[in-house]
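Structure file protein36.txt with compact mmCIF, C-alpha atoms:
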```txt
# COMPACT_ATOMS: atom_id res chain seq x y z
CA MET A 1 17.62 39.37 3.33
CA LYS A 2 17.73 43.16 3.56
CA PHE A 3 20.45 45.45 4.84
CA LYS A 4 20.70 49.14 5.64
CA GLY A 5 23.60 51.44 6.44
CA LEU A 6 24.47 55.13 6.65
CA ASN A 7 26.12 56.77 3.67
CA ASN A 8 28.58 59.69 3.96
CA ASN A 9 25.66 62.16 3.95
CA GLY A 10 24.10 60.54 7.02
CA GLU A 11 21.23 59.06 5.01
CA TRP A 12 20.01 55.49 5.36
CA VAL A 13 20.46 53.28 2.30
CA GLU A 14 18.60 49.97 2.04
CA GLY A 15 19.25 47.04 -0.24
CA HIS A 16 19.18 43.30 -0.72
CA GLY A 17 22.87 42.44 -0.58
CA ILE A 18 26.16 43.66 0.79
CA ILE A 19 29.72 43.71 -0.51
CA PRO A 20 32.31 44.22 2.28
CA ASP A 21 35.22 46.56 1.52
CA GLY A 22 37.25 47.67 4.56
CA ASP A 23 35.88 50.75 6.35
CA TYR A 24 33.03 50.92 3.85
CA ASP A 25 30.62 48.38 2.46
CA TYR A 26 28.47 48.53 -0.64
CA ILE A 27 24.76 47.87 -0.36
CA VAL A 28 23.32 46.40 -3.53
CA ASN A 29 19.91 47.88 -4.30
CA SER A 30 18.78 45.08 -6.57
CA PRO A 31 19.17 41.38 -5.86
CA TYR A 32 19.80 40.80 -9.58
CA VAL A 33 21.90 43.74 -10.82
CA ILE A 34 25.16 44.31 -8.94
CA GLU A 35 25.87 47.62 -10.71
CA TYR A 36 23.23 49.38 -8.55
CA GLN A 37 25.20 49.73 -5.34
CA GLN A 38 25.76 52.50 -2.80
CA ARG A 39 28.67 52.97 -0.42
CA VAL A 40 27.86 52.96 3.31
CA ARG A 41 29.92 53.05 6.50
CA HIS A 42 30.82 49.50 7.53
CA ASP A 43 30.19 50.16 11.24
CA THR A 44 26.53 51.14 10.60
CA VAL A 45 25.37 48.16 8.55
CA CYS A 46 22.22 46.58 10.03
CA VAL A 47 20.39 43.41 9.03
CA GLY A 48 16.61 43.37 8.49
CA SER A 49 14.51 41.10 10.69
CA ARG A 50 11.57 40.59 8.27
CA ILE A 51 9.31 41.68 11.13
CA THR A 52 7.25 44.85 10.68
CA ASP A 53 6.04 47.37 13.23
CA ALA A 54 2.46 48.65 13.61
CA ASN A 55 3.04 51.03 10.66
CA GLY A 56 4.38 48.32 8.35
CA PHE A 57 8.06 49.38 8.56
CA GLU A 58 10.60 46.57 8.65
CA VAL A 59 12.53 46.31 11.92
CA PHE A 60 16.34 46.28 11.55
CA GLU A 61 19.13 45.42 13.93
CA ASN A 62 19.98 48.47 16.12
CA ASP A 63 16.57 50.06 15.57
CA ILE A 64 14.93 51.53 18.65
CA ILE A 65 11.31 50.58 19.16
CA LYS A 66 8.66 51.91 21.51
CA ILE A 67 6.19 49.49 23.11
CA ALA A 68 3.11 50.41 25.12
CA PHE A 69 2.21 48.24 28.10
CA GLY A 70 -1.09 49.66 29.27
CA LYS A 71 -0.51 53.36 29.92
CA ASP A 72 3.28 52.98 30.15
CA GLU A 73 5.65 53.19 27.18
CA TYR A 74 9.09 51.59 27.04
CA TYR A 75 11.99 51.82 24.59
CA TYR A 76 14.06 48.84 23.43
CA VAL A 77 17.06 48.35 21.18
CA VAL A 78 16.81 45.54 18.62
CA LYS A 79 19.97 43.44 18.74
CA TYR A 80 21.13 40.38 16.79
CA ASP A 81 22.81 37.43 18.45
CA THR A 82 25.17 35.88 15.89
CA ARG A 83 25.71 32.80 18.08
CA CYS A 84 22.12 31.63 17.77
CA GLY A 85 20.96 33.70 14.78
CA GLN A 86 18.13 35.45 16.63
CA TYR A 87 17.00 39.03 17.14
CA TYR A 88 16.21 40.13 20.67
CA LEU A 89 15.06 43.29 22.43
CA LEU A 90 17.17 44.92 25.10
CA ASN A 91 16.69 47.66 27.65
CA SER A 92 17.82 48.20 31.21
CA ASN A 93 14.76 46.44 32.66
CA VAL A 94 14.33 43.31 30.57
CA ARG A 95 15.58 41.28 27.62
CA PHE A 96 13.04 39.52 25.45
CA ASP A 97 14.71 36.29 24.33
CA THR A 98 13.58 36.86 20.77
CA ILE A 99 11.78 39.64 18.96
CA ASN A 100 9.15 37.01 18.20
CA ASP A 101 8.19 37.06 21.90
CA LEU A 102 6.14 40.16 21.11
CA SER A 103 2.51 39.16 20.93
CA ALA A 104 0.50 40.07 17.85
CA GLU A 105 -1.78 42.28 19.96
CA LEU A 106 1.14 44.35 21.26
CA LYS A 107 1.62 47.39 19.04
CA PHE A 108 5.16 48.65 18.71
CA HIS A 109 6.76 51.32 16.54
CA VAL A 110 10.25 51.92 15.20
CA VAL A 111 11.13 55.37 16.55
CA GLY A 112 14.84 55.63 15.73
CA ASN A 113 18.18 53.89 15.41
CA ALA A 114 21.12 53.49 17.80
CA TYR A 115 23.49 55.22 15.36
CA THR A 116 21.45 58.37 14.72
CA ASP A 117 19.27 58.80 17.82
CA LYS A 118 21.58 58.83 20.86
CA ASP A 119 18.91 60.33 23.16
CA LEU A 120 16.54 57.46 22.41
CA LEU A 121 19.38 54.96 22.80
CA ASN A 122 20.21 56.37 26.23
CA ARG A 123 16.53 56.20 27.18
CA ALA A 124 16.35 52.54 26.12
CA LEU A 125 19.46 51.59 28.06
CA SER A 126 18.49 53.46 31.23
CA ARG A 127 15.35 53.29 33.33
CA ASN A 128 13.17 54.34 30.47
CA LYS A 129 9.51 54.24 31.45
CA ASP A 130 7.58 57.29 30.16
```
In structure tokens, what does this structure look like?
Amino acid sequence: MKFKGLNNNGEWVEGHGIIPDGDYDYIVNSPYVIEYQQRVRHDTVCVGSRITDANGFEVFENDIIKIAFGKDEYYYVVKYDTRCGQYYLLNSNVRFDTINDLSAELKFHVVGNAYTDKDLLNRALSRNKD
């Protein structure tokens, strides 16, 4: 399982484990060596979905993705439901029950994250057709 979070410089840090510690967590960069860890803000930690976008980037919780339906493009926020252990996509128009509902033919791209791209987040949570 992969995690990512924002460090104090506003940069994303990715790793394979997490050590909780109050307002901050530590992301472990190696699954085997705990000494390689970086401090990140606890409130920005996101879990990887193991699903990749059209460019091969892994999709994480709270990422914002853009999906084209014909000539129209829509923005969605990737959320994680801890009750059932599933990722889903959310915007003001629709909720896909799981991120796996996306067909293989449907190309989507990670375009931002809810913590760093407030304009895209607002677009996803409002009537967002481009």
Shortest contact to A:Val110, candidates A:Gly10, A:Gly56, A:Gly85, A:Gly70, atoms counted only C-alpha atoms, goes to A:Gly56
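Using only C-alpha atoms, the protein and nucleic acid residues lying no more than 9 Å from A:Ile99, apart from those fewer than 4 places from it along its own chain, are A:Ser49, A:Ile51, A:Val78, A:Gln86, A:Tyr87, A:Tyr88, A:Leu89.
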Those residues with C-alpha atoms, as a compact mmCIF listing (two decimals), keeping the file's coordinate frame please?
```
# COMPACT_ATOMS: atom_id res chain seq x y z
CA SER A 49 14.51 41.10 10.69
CA ILE A 51 9.31 41.68 11.13
CA VAL A 78 16.81 45.54 18.62
CA GLN A 86 18.13 35.45 16.63
CA TYR A 87 17.00 39.03 17.14
CA TYR A 88 16.21 40.13 20.67
CA LEU A 89 15.06 43.29 22.43
```
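The two atoms in question, atom CA of A:Asn29 and atom CA of A:Asp117, are spaced 24.7 Å apart.
Considering only C-alpha atoms, the residue among A:Asp43, A:Pro20, A:Ala124, A:Val13 positioned nearest to A:Glu73 is A:Ala124.
Between atom CA of A:Cys84 and atom CA of A:Ile19 there is a distance of 23.2 Å.
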May I have the residues within 8 Å of A:Ala54 as an NGL selection string, using only C-alpha atoms and disregarding those fewer than 3 positions away in the same chain?
:A and (57 or 107-109)
Counting all atoms listed in the file, closest pick from A:Lys66, A:Lys79, A:Asn9, A:Phe3 relative to A:Asp25 is A:Phe3
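When only C-alpha atoms are used to measure the gap to A:Thr116, the shortest distance among A:Phe69, A:Trp12, A:Tyr80, A:Tyr75 belongs to A:Trp12.
When all atoms listed in the file are used to compute distances to A:Phe60, the closest of the residues A:Leu120, A:Ala114, A:Ile18, A:Leu106 turns out to be A:Ala114.
The shortest atom-to-atom distance to A:His16, with all atoms listed in the file taken into account, belongs to A:Lys4 out of A:Lys118, A:Lys71, A:Lys4, A:Arg50.
Atom pair atom CA of A:Tyr76 / atom CA of A:Leu121 has a distance of 8.1 Å (rounded to one decimal).
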Generate the coordinates of N, CA and C atoms for stretch 59-88 of chain A; report them as an mmCIF file, keeping the file's coordinate frame.
```
data_model
loop_
_atom_site.group_PDB
_atom_site.id
_atom_site.type_symbol
_atom_site.label_atom_id
_atom_site.label_comp_id
_atom_site.auth_asym_id
_atom_site.auth_seq_id
_atom_site.Cartn_x
_atom_site.Cartn_y
_atom_site.Cartn_z
ATOM 1 N N VAL A 59 11.668 46.084 10.763
ATOM 2 C CA VAL A 59 12.530 46.310 11.920
ATOM 3 C C VAL A 59 13.922 45.781 11.579
ATOM 4 N N PHE A 60 14.941 46.641 11.797
ATOM 5 C CA PHE A 60 16.340 46.280 11.550
ATOM 6 C C PHE A 60 17.105 46.197 12.863
ATOM 7 N N GLU A 61 18.186 45.442 12.829
ATOM 8 C CA GLU A 61 19.130 45.420 13.930
ATOM 9 C C GLU A 61 19.509 46.864 14.286
ATOM 10 N N ASN A 62 19.625 47.161 15.565
ATOM 11 C CA ASN A 62 19.980 48.470 16.120
ATOM 12 C C ASN A 62 18.885 49.524 15.982
ATOM 13 N N ASP A 63 17.698 49.137 15.513
ATOM 14 C CA ASP A 63 16.570 50.060 15.570
ATOM 15 C C ASP A 63 16.139 50.195 17.025
ATOM 16 N N ILE A 64 15.504 51.304 17.331
ATOM 17 C CA ILE A 64 14.930 51.530 18.650
ATOM 18 C C ILE A 64 13.417 51.502 18.468
ATOM 19 N N ILE A 65 12.758 50.674 19.267
ATOM 20 C CA ILE A 65 11.310 50.580 19.160
ATOM 21 C C ILE A 65 10.669 51.023 20.471
ATOM 22 N N LYS A 66 9.443 51.496 20.348
ATOM 23 C CA LYS A 66 8.660 51.910 21.510
ATOM 24 C C LYS A 66 7.475 50.959 21.626
ATOM 25 N N ILE A 67 7.271 50.430 22.843
ATOM 26 C CA ILE A 67 6.190 49.490 23.110
ATOM 27 C C ILE A 67 5.343 50.050 24.237
ATOM 28 N N ALA A 68 4.033 49.989 24.066
ATOM 29 C CA ALA A 68 3.110 50.410 25.120
ATOM 30 C C ALA A 68 2.629 49.186 25.880
ATOM 31 N N PHE A 69 2.772 49.241 27.202
ATOM 32 C CA PHE A 69 2.210 48.240 28.100
ATOM 33 C C PHE A 69 1.182 48.975 28.951
ATOM 34 N N GLY A 70 -0.062 48.873 28.578
ATOM 35 C CA GLY A 70 -1.090 49.660 29.270
ATOM 36 C C GLY A 70 -0.852 51.130 29.002
ATOM 37 N N LYS A 71 -0.743 51.919 30.059
ATOM 38 C CA LYS A 71 -0.510 53.360 29.920
ATOM 39 C C LYS A 71 0.975 53.703 29.853
ATOM 40 N N ASP A 72 1.837 52.743 30.149
ATOM 41 C CA ASP A 72 3.280 52.980 30.150
ATOM 42 C C ASP A 72 3.889 52.667 28.800
ATOM 43 N N GLU A 73 4.922 53.426 28.421
ATOM 44 C CA GLU A 73 5.650 53.190 27.180
ATOM 45 C C GLU A 73 7.116 52.931 27.513
ATOM 46 N N TYR A 74 7.698 51.957 26.819
ATOM 47 C CA TYR A 74 9.090 51.590 27.040
ATOM 48 C C TYR A 74 9.827 51.574 25.707
ATOM 49 N N TYR A 75 11.135 51.809 25.779
ATOM 50 C CA TYR A 75 11.990 51.820 24.590
ATOM 51 C C TYR A 75 12.956 50.639 24.673
ATOM 52 N N TYR A 76 13.169 49.995 23.528
ATOM 53 C CA TYR A 76 14.060 48.840 23.430
ATOM 54 C C TYR A 76 14.952 48.986 22.211
ATOM 55 N N VAL A 77 16.146 48.419 22.310
ATOM 56 C CA VAL A 77 17.060 48.350 21.180
ATOM 57 C C VAL A 77 16.981 46.934 20.611
ATOM 58 N N VAL A 78 16.842 46.844 19.302
ATOM 59 C CA VAL A 78 16.810 45.540 18.620
ATOM 60 C C VAL A 78 18.259 45.116 18.398
ATOM 61 N N LYS A 79 18.616 43.954 18.893
ATOM 62 C CA LYS A 79 19.970 43.440 18.740
ATOM 63 C C LYS A 79 19.907 42.077 18.038
ATOM 64 N N TYR A 80 21.038 41.666 17.480
ATOM 65 C CA TYR A 80 21.130 40.380 16.790
ATOM 66 C C TYR A 80 22.218 39.553 17.437
ATOM 67 N N ASP A 81 21.867 38.348 17.826
ATOM 68 C CA ASP A 81 22.810 37.430 18.450
ATOM 69 C C ASP A 81 23.341 36.487 17.380
ATOM 70 N N THR A 82 24.588 36.694 16.971
ATOM 71 C CA THR A 82 25.170 35.880 15.890
ATOM 72 C C THR A 82 25.373 34.431 16.312
ATOM 73 N N ARG A 83 25.494 34.174 17.617
ATOM 74 C CA ARG A 83 25.710 32.800 18.080
ATOM 75 C C ARG A 83 24.512 31.903 17.810
ATOM 76 N N CYS A 84 23.305 32.471 17.981
ATOM 77 C CA CYS A 84 22.120 31.630 17.770
ATOM 78 C C CYS A 84 21.260 32.125 16.604
ATOM 79 N N GLY A 85 21.672 33.216 15.948
ATOM 80 C CA GLY A 85 20.960 33.700 14.780
ATOM 81 C C GLY A 85 19.581 34.254 15.082
ATOM 82 N N GLN A 86 19.424 34.912 16.248
ATOM 83 C CA GLN A 86 18.130 35.450 16.630
ATOM 84 C C GLN A 86 18.226 36.929 16.978
ATOM 85 N N TYR A 87 17.136 37.636 16.721
ATOM 86 C CA TYR A 87 17.000 39.030 17.140
ATOM 87 C C TYR A 87 16.382 39.033 18.532
ATOM 88 N N TYR A 88 16.819 39.972 19.357
ATOM 89 C CA TYR A 88 16.210 40.130 20.670
ATOM 90 C C TYR A 88 16.080 41.602 20.993
#
```
